[in-house]
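Here is the file start_8.txt (compact mmCIF, C-alpha atoms).
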# COMPACT_ATOMS: atom_id res chain seq x y z
CA MET A 1 -29.85 89.82 -8.43
CA THR A 2 -33.63 89.93 -8.12
CA GLU A 3 -35.82 87.38 -9.83
CA PRO A 4 -37.84 88.70 -12.81
CA ARG A 5 -41.46 89.40 -12.09
CA ARG A 6 -43.44 86.41 -13.31
CA SER A 7 -46.99 87.57 -12.77
CA ARG A 8 -49.31 89.97 -14.55
CA ALA A 9 -52.91 91.04 -14.33
CA THR A 10 -55.10 88.54 -16.12
CA GLU A 11 -56.47 91.35 -18.28
CA ALA A 12 -53.02 91.86 -19.82
CA PHE A 13 -53.40 88.97 -22.24
CA PHE A 14 -57.07 88.83 -23.20
CA GLY A 15 -60.15 91.02 -23.27
CA ARG A 16 -63.74 90.15 -22.53
CA ARG A 17 -64.65 86.89 -20.81
CA LYS A 18 -68.16 86.31 -22.13
CA GLY A 19 -70.19 87.00 -25.28
CA LYS A 20 -73.82 86.27 -26.08
CA PRO A 21 -75.90 84.31 -23.54
CA LEU A 22 -75.25 80.57 -23.49
CA ARG A 23 -77.88 78.10 -24.57
CA GLU A 24 -79.30 75.95 -21.80
CA ARG A 25 -77.32 72.88 -22.87
CA GLN A 26 -74.08 74.86 -23.04
CA ALA A 27 -74.62 76.27 -19.57
CA ALA A 28 -75.30 72.77 -18.27
CA HIS A 29 -72.04 71.53 -19.82
CA LEU A 30 -70.10 74.22 -18.00
CA GLU A 31 -71.73 73.27 -14.71
CA THR A 32 -71.45 69.50 -14.99
CA ILE A 33 -68.62 68.61 -17.39
CA LEU A 34 -66.07 71.39 -17.02
CA PRO A 35 -65.41 70.60 -13.32
CA LYS A 36 -64.49 67.03 -14.31
CA LEU A 37 -62.05 68.17 -17.00
CA LYS A 38 -60.64 71.28 -15.36
CA LEU A 39 -57.12 71.28 -13.95
CA ASP A 40 -57.03 71.73 -10.19
CA LEU A 41 -54.33 74.33 -9.70
CA GLY A 42 -55.05 74.32 -5.97
CA ALA A 43 -53.36 70.93 -5.75
CA ALA A 44 -49.72 70.23 -6.52
CA ALA A 45 -49.07 69.36 -10.14
CA PRO A 46 -48.26 65.69 -10.69
CA GLN A 47 -44.65 65.03 -11.61
CA ASP A 48 -45.95 62.82 -14.39
CA MET A 49 -48.51 64.93 -16.24
CA LYS A 50 -49.71 61.86 -18.10
CA SER A 51 -51.49 60.82 -14.91
CA LEU A 52 -54.00 63.65 -15.49
CA PHE A 53 -55.66 61.60 -18.22
CA PRO A 54 -57.87 58.52 -17.91
CA VAL A 55 -56.35 56.93 -21.04
CA PRO A 56 -52.74 55.88 -21.79
CA ILE A 57 -50.75 58.93 -22.88
CA ASP A 58 -47.25 59.20 -24.32
CA ARG A 59 -47.04 62.94 -25.13
CA ILE A 60 -48.34 66.18 -23.61
CA ARG A 61 -49.41 69.15 -25.71
CA LEU A 62 -50.62 72.53 -24.47
CA GLU A 63 -52.80 74.86 -26.55
CA ILE A 64 -53.12 78.42 -25.27
CA GLY A 65 -56.26 80.29 -26.30
CA PHE A 66 -58.03 77.61 -28.36
CA GLY A 67 -60.81 79.92 -29.55
CA GLY A 68 -63.57 77.93 -31.20
CA GLY A 69 -61.71 74.70 -30.43
CA GLU A 70 -61.60 73.46 -34.04
CA HIS A 71 -57.88 72.80 -33.93
CA LEU A 72 -57.82 71.28 -30.45
CA ILE A 73 -60.66 68.82 -31.00
CA HIS A 74 -59.22 67.83 -34.40
CA ARG A 75 -55.78 67.14 -32.95
CA ALA A 76 -57.17 65.26 -29.96
CA ALA A 77 -59.26 62.99 -32.19
CA GLU A 78 -56.39 62.21 -34.56
CA ASN A 79 -53.83 61.71 -31.76
CA PRO A 80 -55.55 59.66 -29.02
CA SER A 81 -52.26 58.84 -27.28
CA THR A 82 -51.39 62.53 -26.85
CA GLY A 83 -52.74 64.33 -23.81
CA PHE A 84 -54.00 67.81 -24.66
CA ILE A 85 -54.36 70.68 -22.20
CA GLY A 86 -56.50 73.48 -23.58
CA VAL A 87 -56.60 76.92 -21.97
CA GLU A 88 -59.31 79.44 -22.90
CA PRO A 89 -60.78 82.17 -20.68
CA PHE A 90 -63.66 83.04 -23.04
CA VAL A 91 -66.76 81.33 -21.67
CA ASN A 92 -68.55 80.85 -25.00
CA SER A 93 -65.51 79.20 -26.57
CA MET A 94 -65.14 76.84 -23.62
CA ALA A 95 -68.81 75.86 -23.85
CA LYS A 96 -68.47 75.20 -27.58
CA LEU A 97 -65.45 72.94 -27.14
CA ILE A 98 -67.05 70.95 -24.33
CA GLY A 99 -69.98 70.24 -26.62
CA GLN A 100 -67.54 68.86 -29.20
CA ILE A 101 -65.78 66.76 -26.58
CA GLU A 102 -69.12 65.22 -25.61
CA GLU A 103 -70.16 64.67 -29.22
CA LYS A 104 -66.90 63.03 -30.29
CA GLY A 105 -66.29 61.17 -27.04
CA VAL A 106 -62.61 62.07 -26.75
CA SER A 107 -60.91 61.35 -23.42
CA ASN A 108 -57.50 62.97 -23.91
CA ILE A 109 -58.33 66.62 -23.18
CA ARG A 110 -58.02 68.55 -19.93
CA LEU A 111 -59.07 72.19 -19.64
CA TYR A 112 -58.44 75.44 -17.82
CA ASN A 113 -60.67 78.51 -18.14
CA ASP A 114 -58.43 81.33 -16.96
CA ASP A 115 -54.98 82.82 -17.52
CA ALA A 116 -52.54 80.41 -19.20
CA THR A 117 -49.63 81.80 -17.19
CA GLN A 118 -51.22 80.22 -14.11
CA VAL A 119 -51.04 76.80 -15.80
CA LEU A 120 -47.48 77.36 -16.99
CA ASP A 121 -46.33 78.32 -13.49
CA TRP A 122 -48.13 75.31 -11.98
CA MET A 123 -46.59 72.72 -14.28
CA PRO A 124 -43.40 70.87 -13.38
CA GLU A 125 -40.25 71.47 -15.41
CA ALA A 126 -39.72 69.76 -18.78
CA CYS A 127 -43.15 68.10 -18.88
CA VAL A 128 -44.60 69.33 -22.21
CA ASP A 129 -43.73 68.15 -25.70
CA GLN A 130 -45.39 70.99 -27.60
CA ILE A 131 -47.00 74.39 -26.98
CA ASP A 132 -49.42 75.80 -29.56
CA LEU A 133 -50.25 79.52 -29.70
CA LEU A 134 -52.48 79.87 -32.75
CA TYR A 135 -53.96 83.16 -33.92
CA PRO A 136 -53.59 84.84 -30.52
CA ASP A 137 -55.07 88.28 -29.93
CA PRO A 138 -52.60 90.52 -31.84
CA TRP A 139 -53.27 93.67 -29.80
CA PRO A 140 -52.53 95.65 -32.99
CA LYS A 141 -52.15 99.12 -31.45
CA ARG A 142 -48.57 99.86 -30.47
CA LYS A 143 -49.61 101.02 -27.00
CA HIS A 144 -51.10 97.54 -26.40
CA TRP A 145 -48.18 95.48 -27.66
CA LYS A 146 -47.13 94.80 -24.06
CA ARG A 147 -50.29 92.71 -23.79
CA ARG A 148 -49.17 90.24 -26.45
CA PHE A 149 -48.71 86.77 -25.01
CA VAL A 150 -45.29 86.34 -26.60
CA SER A 151 -42.87 88.12 -24.29
CA ALA A 152 -39.49 87.47 -22.72
CA VAL A 153 -41.18 86.48 -19.46
CA ASN A 154 -43.59 84.05 -21.11
CA LEU A 155 -40.84 82.55 -23.26
CA ASP A 156 -39.04 81.87 -19.98
CA ARG A 157 -42.18 80.05 -18.88
CA PHE A 158 -42.27 78.07 -22.13
CA ALA A 159 -38.61 77.17 -21.81
CA ARG A 160 -39.12 75.88 -18.28
CA VAL A 161 -41.99 73.50 -19.07
CA LEU A 162 -40.94 72.33 -22.55
CA LYS A 163 -38.83 69.21 -22.83
CA PRO A 164 -35.47 69.59 -24.59
CA GLY A 165 -36.26 69.21 -28.28
CA GLY A 166 -39.90 70.16 -27.69
CA HIS A 167 -41.63 72.68 -29.92
CA PHE A 168 -43.38 76.02 -29.64
CA CYS A 169 -45.71 76.51 -32.64
CA PHE A 170 -47.12 79.94 -33.47
CA ALA A 171 -49.53 80.99 -36.21
CA SER A 172 -50.81 84.46 -37.08
CA ASP A 173 -52.04 86.55 -39.98
CA ILE A 174 -50.75 89.79 -38.43
CA ASP A 175 -47.32 90.68 -39.84
CA THR A 176 -46.30 92.81 -36.88
CA TYR A 177 -47.02 89.96 -34.45
CA VAL A 178 -45.18 87.44 -36.63
CA ASN A 179 -42.12 89.72 -36.71
CA TRP A 180 -42.51 90.39 -32.97
CA THR A 181 -42.46 86.64 -32.27
CA LEU A 182 -39.47 86.02 -34.52
CA LEU A 183 -37.48 88.74 -32.80
CA HIS A 184 -38.41 87.62 -29.28
CA CYS A 185 -37.52 83.99 -30.00
CA ARG A 186 -34.31 85.02 -31.77
CA ASP A 187 -33.28 86.90 -28.63
CA HIS A 188 -34.13 84.04 -26.29
CA ALA A 189 -31.33 81.52 -25.77
CA ALA A 190 -33.71 78.58 -25.28
CA PHE A 191 -35.33 78.70 -28.74
CA GLU A 192 -34.22 78.23 -32.32
CA TRP A 193 -36.35 78.73 -35.41
CA THR A 194 -36.55 75.51 -37.42
CA ALA A 195 -37.29 77.09 -40.83
CA GLU A 196 -34.77 76.54 -43.61
CA GLN A 197 -36.72 78.02 -46.54
CA ALA A 198 -39.73 80.27 -47.10
CA SER A 199 -42.14 77.40 -47.62
CA ASP A 200 -41.41 76.22 -44.07
CA TRP A 201 -43.26 79.19 -42.57
CA LEU A 202 -45.77 79.75 -45.37
CA THR A 203 -47.06 76.17 -45.36
CA PRO A 204 -49.56 75.17 -42.63
CA PHE A 205 -48.44 72.68 -40.01
CA ASP A 206 -48.83 68.97 -40.87
CA GLY A 207 -52.45 67.88 -40.48
CA TRP A 208 -53.61 71.50 -40.11
CA PRO A 209 -57.44 71.63 -40.04
CA SER A 210 -57.71 75.40 -40.54
CA THR A 211 -59.81 77.57 -38.24
CA ARG A 212 -62.53 80.17 -38.58
CA TYR A 213 -60.00 82.87 -37.74
CA GLU A 214 -57.78 81.74 -40.60
CA ALA A 215 -60.74 81.62 -42.99
CA LYS A 216 -61.68 85.17 -41.98
CA ALA A 217 -58.12 86.37 -42.58
CA ARG A 218 -58.06 84.88 -46.07
CA ARG A 219 -61.42 86.44 -46.94
CA GLU A 220 -59.94 89.78 -45.92
CA GLY A 221 -56.83 89.22 -48.03
CA ARG A 222 -54.33 88.39 -45.29
CA SER A 223 -51.94 85.46 -45.53
CA SER A 224 -50.72 83.50 -42.52
CA ALA A 225 -47.34 82.50 -41.16
CA TYR A 226 -46.71 79.22 -39.33
CA LEU A 227 -43.64 79.34 -37.12
CA THR A 228 -42.00 76.43 -35.30
CA PHE A 229 -39.32 76.93 -32.66
CA ARG A 230 -37.33 74.14 -31.03
CA ARG A 231 -36.44 74.11 -27.33
CA VAL A 232 -32.65 73.77 -27.33

Could you render the structure as structure tokens?
Amino acid sequence: MTEPRRSRATEAFFGRRKGKPLRERQAAHLETILPKLKLDLGAAAPQDMKSLFPVPIDRIRLEIGFGGGEHLIHRAAENPSTGFIGVEPFVNSMAKLIGQIEEKGVSNIRLYNDDATQVLDWMPEACVDQIDLLYPDPWPKRKHWKRRFVSAVNLDRFARVLKPGGHFCFASDIDTYVNWTLLHCRDHAAFEWTAEQASDWLTPFDGWPSTRYEAKARREGRSSAYLTFRRV
């Protein structure tokens, strides 16, 4: 039996890499600070991922596609003993988050500025306590659905790196993507949906800071779903 293909073109999961020109300070941050915080995927991953951080860490949390970084910086500040790995290929978003890291002086964030599947494949097994995929690109046209990050192959990746009992948290305001995620996780033996009643998926996660994407969705009349799946 052949192994499933575990690689895809980077373009499959996200679109453009850069927006408007960076300000001088933002460009300087990318040149001087990002190299210090960026994961080195050219080296073997440490068996103890906590060693990636310069402060004592007792949990590891991965956020894929952190966008403006509002959620990631909020969580890192409120949970200083959790090590956060943020992945975001969009240059402007990365520059914005690094500015926040400098301003708030947090030391429990590491970064990667390319395809999250590269990070997932680099990590050792059962090393992550939680994976957050919040308002990912919905690729709304049916012909583009194959580009959605939630897929059988990527759920295999999640299952490999999540600790037993760890969580995969997903949020979206796009009904078709919410249903897509529910169906894919239902069909994957490694995940179970934790919801017991409607309020469990209609209520934001504990400590949720909201994001600009969520605010935009509400202005446009769309409600959000907050799904939590447990690694069994």

Pick from A:Asp40, A:Asp58, A:Glu220, A:Glu88: nearest to A:Val128, with only C-alpha atoms counted?
A:Asp58

Could you give me, as an MDAnalysis selection string, the residues within 9 Å of stretch 211-214 of chain A, counting all atoms listed in the file and dropping anything in the same chain fewer than 6 positions from it?
chainID A and resid 67:71 135 172:173 222:224

Do a neighbour search on A:Arg23 at 12 Å with all atoms listed in the file, toss out local chain neighbours closer than 6 positions, and write the hits as an MDAnalysis selection string.
chainID A and resid 29:30 91:92 95:96 99

Can you pull out every residue within 7 Å of A:Trp139, counting all atoms listed in the file, but drop anything in the same chain fewer than 6 positions away, and send it as a list in words?
Trp145, Arg147 and Arg148 of chain A

Might you pull out every residue within 12 Å of stretch 101-111 of chain A, with only C-alpha atoms counted and same-chain residues fewer than 5 positions away left off, and present them as a ChimeraX atom specification?
/A:25-26,29-30,32-41,49-66,69-70,72-89,93-96,116,119

Report the distance between atom CA of A:Phe149 and atom CA of A:Ala217 in Å, rounded to one decimal place.
19.9 Å

Distance in Å - atom CA of A:His188 versus atom CA of A:Leu155
7.5 Å

Considering only C-alpha atoms, state which residue in the set A:Leu182, A:Ala28, A:Leu227, A:Leu120 is at the smallest distance from A:Thr203.
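With only C-alpha atoms as the atom set, the closest residue is A:Leu227.
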
Only N, CA and C atoms needed: put stretch 164-194 of chain A from the block into a file as an mmCIF file, in the first residue's frame.
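Everything below was put into out21.cif:
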data_model
loop_
_atom_site.group_PDB
_atom_site.id
_atom_site.type_symbol
_atom_site.label_atom_id
_atom_site.label_comp_id
_atom_site.auth_asym_id
_atom_site.auth_seq_id
_atom_site.Cartn_x
_atom_site.Cartn_y
_atom_site.Cartn_z
ATOM 1 N N PRO A 164 -2.470 13.254 22.642
ATOM 2 C CA PRO A 164 -3.784 12.687 22.959
ATOM 3 C C PRO A 164 -4.526 13.610 23.935
ATOM 4 N N GLY A 165 -5.757 13.935 23.612
ATOM 5 C CA GLY A 165 -6.516 14.871 24.429
ATOM 6 C C GLY A 165 -6.316 16.314 24.024
ATOM 7 N N GLY A 166 -5.390 16.571 23.087
ATOM 8 C CA GLY A 166 -5.187 17.929 22.591
ATOM 9 C C GLY A 166 -6.362 18.383 21.748
ATOM 10 N N HIS A 167 -6.371 19.661 21.390
ATOM 11 C CA HIS A 167 -7.528 20.227 20.704
ATOM 12 C C HIS A 167 -7.165 20.897 19.380
ATOM 13 N N PHE A 168 -8.079 20.770 18.444
ATOM 14 C CA PHE A 168 -8.058 21.521 17.191
ATOM 15 C C PHE A 168 -9.252 22.471 17.246
ATOM 16 N N CYS A 169 -8.983 23.779 17.222
ATOM 17 C CA CYS A 169 -10.030 24.793 17.309
ATOM 18 C C CYS A 169 -10.153 25.524 15.972
ATOM 19 N N PHE A 170 -11.373 25.625 15.489
ATOM 20 C CA PHE A 170 -11.654 26.200 14.168
ATOM 21 C C PHE A 170 -12.755 27.237 14.314
ATOM 22 N N ALA A 171 -12.573 28.386 13.678
ATOM 23 C CA ALA A 171 -13.617 29.415 13.661
ATOM 24 C C ALA A 171 -13.787 29.942 12.252
ATOM 25 N N SER A 172 -15.046 30.166 11.860
ATOM 26 C CA SER A 172 -15.326 30.709 10.533
ATOM 27 C C SER A 172 -16.724 31.308 10.514
ATOM 28 N N ASP A 173 -16.914 32.247 9.598
ATOM 29 C CA ASP A 173 -18.237 32.834 9.380
ATOM 30 C C ASP A 173 -18.836 32.344 8.068
ATOM 31 N N ILE A 174 -18.197 31.387 7.423
ATOM 32 C CA ILE A 174 -18.649 30.850 6.147
ATOM 33 C C ILE A 174 -19.284 29.482 6.378
ATOM 34 N N ASP A 175 -20.613 29.405 6.215
ATOM 35 C CA ASP A 175 -21.348 28.184 6.542
ATOM 36 C C ASP A 175 -20.813 26.958 5.809
ATOM 37 N N THR A 176 -20.476 27.127 4.526
ATOM 38 C CA THR A 176 -20.013 25.964 3.774
ATOM 39 C C THR A 176 -18.693 25.423 4.319
ATOM 40 N N TYR A 177 -17.842 26.329 4.827
ATOM 41 C CA TYR A 177 -16.561 25.869 5.380
ATOM 42 C C TYR A 177 -16.769 25.240 6.760
ATOM 43 N N VAL A 178 -17.703 25.773 7.533
ATOM 44 C CA VAL A 178 -18.017 25.175 8.830
ATOM 45 C C VAL A 178 -18.519 23.747 8.618
ATOM 46 N N ASN A 179 -19.475 23.583 7.691
ATOM 47 C CA ASN A 179 -20.011 22.250 7.416
ATOM 48 C C ASN A 179 -18.928 21.327 6.860
ATOM 49 N N TRP A 180 -18.088 21.873 5.993
ATOM 50 C CA TRP A 180 -16.966 21.116 5.419
ATOM 51 C C TRP A 180 -16.066 20.572 6.534
ATOM 52 N N THR A 181 -15.756 21.427 7.502
ATOM 53 C CA THR A 181 -14.875 21.034 8.601
ATOM 54 C C THR A 181 -15.533 19.991 9.495
ATOM 55 N N LEU A 182 -16.817 20.177 9.778
ATOM 56 C CA LEU A 182 -17.540 19.193 10.588
ATOM 57 C C LEU A 182 -17.537 17.822 9.922
ATOM 58 N N LEU A 183 -17.781 17.795 8.634
ATOM 59 C CA LEU A 183 -17.822 16.528 7.913
ATOM 60 C C LEU A 183 -16.450 15.865 7.856
ATOM 61 N N HIS A 184 -15.408 16.662 7.583
ATOM 62 C CA HIS A 184 -14.062 16.089 7.506
ATOM 63 C C HIS A 184 -13.615 15.540 8.860
ATOM 64 N N CYS A 185 -13.909 16.257 9.940
ATOM 65 C CA CYS A 185 -13.510 15.778 11.264
ATOM 66 C C CYS A 185 -14.364 14.586 11.703
ATOM 67 N N ARG A 186 -15.643 14.594 11.306
ATOM 68 C CA ARG A 186 -16.502 13.442 11.607
ATOM 69 C C ARG A 186 -15.946 12.176 10.969
ATOM 70 N N ASP A 187 -15.412 12.326 9.760
ATOM 71 C CA ASP A 187 -14.928 11.163 9.011
ATOM 72 C C ASP A 187 -13.495 10.775 9.351
ATOM 73 N N HIS A 188 -12.869 11.524 10.249
ATOM 74 C CA HIS A 188 -11.490 11.218 10.632
ATOM 75 C C HIS A 188 -11.487 10.566 12.015
ATOM 76 N N ALA A 189 -10.902 9.389 12.099
ATOM 77 C CA ALA A 189 -10.963 8.598 13.330
ATOM 78 C C ALA A 189 -10.260 9.256 14.509
ATOM 79 N N ALA A 190 -9.367 10.206 14.258
ATOM 80 C CA ALA A 190 -8.571 10.778 15.347
ATOM 81 C C ALA A 190 -9.255 11.935 16.054
ATOM 82 N N PHE A 191 -10.419 12.392 15.547
ATOM 83 C CA PHE A 191 -11.035 13.597 16.111
ATOM 84 C C PHE A 191 -12.487 13.362 16.510
ATOM 85 N N GLU A 192 -12.864 13.981 17.626
ATOM 86 C CA GLU A 192 -14.268 13.993 18.028
ATOM 87 C C GLU A 192 -14.674 15.417 18.364
ATOM 88 N N TRP A 193 -15.855 15.793 17.939
ATOM 89 C CA TRP A 193 -16.399 17.122 18.201
ATOM 90 C C TRP A 193 -16.856 17.180 19.653
ATOM 91 N N THR A 194 -16.468 18.213 20.363
ATOM 92 C CA THR A 194 -16.751 18.288 21.800
ATOM 93 C C THR A 194 -18.107 18.913 22.123
#
